[in-house]
Amino acid sequence: FPKARIYFKTGNHEERFKHYLFNNAPEFANVIFLEELLKLSDFSIDFIDEKRPIKAGKLFILHGHELYSGAGTVNVARTIRLKTNENTLIGHFHKTQEDFARTLGENIMGAWGVGCLCGLSPLYMPINNWNNGFAHVEIDSNGFFNVHNKKIIDGVVR
């Protein structure tokens, strides 16, 4: 996607890095910055380091730890749609899902859960129902959007 703007939105794991520095090496906490370690500016990647929703056209984007809904949630996308009452794309739960509803005013509202780009059997939770994946979002000049919520299965984007 050579023309795409890419954003790196921090989540709970990145927050752990920051907390680790403050708790174990406070003298480095204001010297070592994750976005510099990852060289995000070398790749023109925008870094978003706050716990806040961002908006891409008419789509809200959350990491998920900002709107906690329980790790055991079966249908993340539906839960998020019901909690936000907005079109919402969410990470954190490592599951590719989507859920749609028509409102009383005949608007379509949707929510998307995005897969992860990490290992699927980490030591802290080796048994789970995660999947690898990512989302690509297209936004037109009116703010309308199209979410391409991709799964990666056996190394193939589907």
# chains A, B, ... in the order shown; residues from 1 in each chain; ligands from 1
>>> residues_around(residues="His65 in chain A", least_positions_apart="2", cutoff="12 Å", atoms="only C-alpha atoms", output="PyMOL selection string")
chain A and resi 9-15+50-53+61-63+67-71+80+90-93
>>> residues_around(residues="range 40-48 of chain A", least_positions_apart="2", cutoff="8 Å", atoms="only C-alpha atoms", output="VMD selection string")
chain A and resid 5 to 10 35 to 36 38 50
>>> select_by_dssp(residues="range 37-142 of chain A", states="helix (DSSP H, G or I)", output="list in words")
Leu37, Leu40, Ser41, Asp42, Phe43, Val76, Ala77, Arg78, Thr79, Ile80, Arg81, Leu82, Lys83 and Thr84 of chain A
>>> write_last_selection(atoms="N, CA and C atoms", output="short mmCIF file (atom, residue, chain, number, x, y, z; two decimals), in the first residue's frame")
data_model
loop_
_atom_site.label_atom_id
_atom_site.label_comp_id
_atom_site.auth_asym_id
_atom_site.auth_seq_id
_atom_site.Cartn_x
_atom_site.Cartn_y
_atom_site.Cartn_z
N LEU A 37 12.62 3.57 19.06
CA LEU A 37 13.17 2.22 18.99
C LEU A 37 12.67 1.47 17.76
N LEU A 40 9.75 4.33 13.62
CA LEU A 40 8.51 4.56 12.89
C LEU A 40 8.63 5.74 11.91
N SER A 41 9.34 6.78 12.30
CA SER A 41 9.47 7.94 11.41
C SER A 41 10.24 7.59 10.14
N ASP A 42 11.13 6.60 10.21
CA ASP A 42 11.86 6.17 9.01
C ASP A 42 10.91 5.60 7.95
N PHE A 43 9.75 5.14 8.39
CA PHE A 43 8.77 4.54 7.48
C PHE A 43 7.53 5.40 7.33
N VAL A 76 -16.84 -10.54 19.89
CA VAL A 76 -16.25 -9.23 20.19
C VAL A 76 -16.91 -8.14 19.36
N ALA A 77 -17.08 -8.36 18.07
CA ALA A 77 -17.63 -7.33 17.20
C ALA A 77 -19.04 -6.92 17.66
N ARG A 78 -19.87 -7.86 17.97
CA ARG A 78 -21.22 -7.54 18.43
C ARG A 78 -21.18 -6.78 19.76
N THR A 79 -20.36 -7.24 20.68
CA THR A 79 -20.23 -6.59 21.98
C THR A 79 -19.79 -5.14 21.81
N ILE A 80 -18.81 -4.91 20.96
CA ILE A 80 -18.31 -3.55 20.74
C ILE A 80 -19.37 -2.68 20.07
N ARG A 81 -20.09 -3.23 19.09
CA ARG A 81 -21.15 -2.46 18.43
C ARG A 81 -22.20 -2.04 19.44
N LEU A 82 -22.59 -2.95 20.32
CA LEU A 82 -23.60 -2.63 21.33
C LEU A 82 -23.09 -1.62 22.36
N LYS A 83 -21.80 -1.67 22.68
CA LYS A 83 -21.25 -0.73 23.67
C LYS A 83 -21.04 0.66 23.10
N THR A 84 -20.61 0.75 21.84
CA THR A 84 -20.26 2.07 21.29
C THR A 84 -21.41 2.73 20.55
#
>>> closest_residue(among="A:Trp112, A:Tyr124, A:Phe33, A:Phe17", to="Asn146 in chain A", atoms="only C-alpha atoms")
A:Trp112
>>> atom_distance(atom1="CA of Phe145 in chain A", atom2="CA of Glu98 in chain A")
14.5 Å
>>> atom_distance(atom1="CA of Leu34 in chain A", atom2="CA of Leu21 in chain A")
10.8 Å
>>> select_by_dssp(residues="chain A", states="strand (DSSP E)", output="short mmCIF file (atom, residue, chain, number, x, y, z; two decimals) with C-alpha atoms, in the first residue's frame")
data_model
loop_
_atom_site.label_atom_id
_atom_site.label_comp_id
_atom_site.auth_asym_id
_atom_site.auth_seq_id
_atom_site.Cartn_x
_atom_site.Cartn_y
_atom_site.Cartn_z
CA ILE A 6 -0.05 4.00 8.32
CA TYR A 7 -0.75 4.54 12.02
CA PHE A 8 0.76 2.74 15.00
CA LYS A 9 -1.76 2.95 17.83
CA ILE A 45 4.30 5.80 10.29
CA ASP A 46 2.21 8.06 12.55
CA PHE A 47 2.49 7.15 16.24
CA ILE A 48 -0.60 7.47 18.46
CA ILE A 54 -9.33 7.91 16.77
CA LYS A 55 -11.58 8.54 13.83
CA ALA A 56 -11.05 7.60 10.20
CA LEU A 59 -15.26 5.00 11.57
CA PHE A 60 -13.99 4.99 15.15
CA ILE A 61 -10.83 2.98 15.80
CA LEU A 62 -9.96 1.64 19.24
CA THR A 88 -16.09 0.82 15.29
CA LEU A 89 -12.94 -1.09 14.35
CA ILE A 90 -11.17 -2.71 17.30
CA GLN A 97 -15.01 -10.71 13.25
CA GLU A 98 -17.71 -8.39 11.99
CA ASP A 99 -21.22 -7.55 13.11
CA PHE A 100 -23.88 -5.33 11.53
CA ALA A 101 -27.28 -4.01 12.50
CA ARG A 102 -29.83 -1.69 10.97
CA ILE A 108 -26.38 0.50 8.97
CA MET A 109 -23.99 0.31 11.90
CA GLY A 110 -21.09 -2.12 12.07
CA ALA A 111 -18.19 -3.23 14.19
CA TRP A 112 -15.08 -5.15 13.23
CA GLY A 113 -12.65 -7.12 15.36
CA ASN A 132 -3.66 -13.79 12.53
CA GLY A 133 -5.01 -10.89 10.52
CA PHE A 134 -5.11 -7.16 9.82
CA ALA A 135 -7.50 -4.56 8.44
CA HIS A 136 -7.14 -2.15 5.55
CA VAL A 137 -9.60 0.76 5.58
CA GLU A 138 -10.51 2.91 2.58
CA ILE A 139 -12.15 6.27 3.23
CA PHE A 145 -15.42 3.85 4.56
CA ASN A 146 -14.84 0.30 3.48
CA VAL A 147 -13.18 -2.11 5.93
CA HIS A 148 -11.19 -4.96 4.41
CA ASN A 149 -10.79 -7.24 7.41
CA LYS A 150 -8.24 -9.84 6.35
CA LYS A 151 -7.33 -13.16 7.90
CA ILE A 152 -3.93 -14.81 7.48
CA ILE A 153 -4.31 -18.58 7.33
CA VAL A 156 -1.83 -16.69 3.07
CA VAL A 157 -3.90 -13.48 3.26
#
>>> atom_distance(atom1="CA of Lys95 in chain A", atom2="CA of Gly115 in chain A")
4.4 Å
>>> closest_residue(among="A:Asp154, A:Pro122, A:Glu86, A:Lys58", to="Ser141 in chain A", atoms="only C-alpha atoms")
A:Lys58
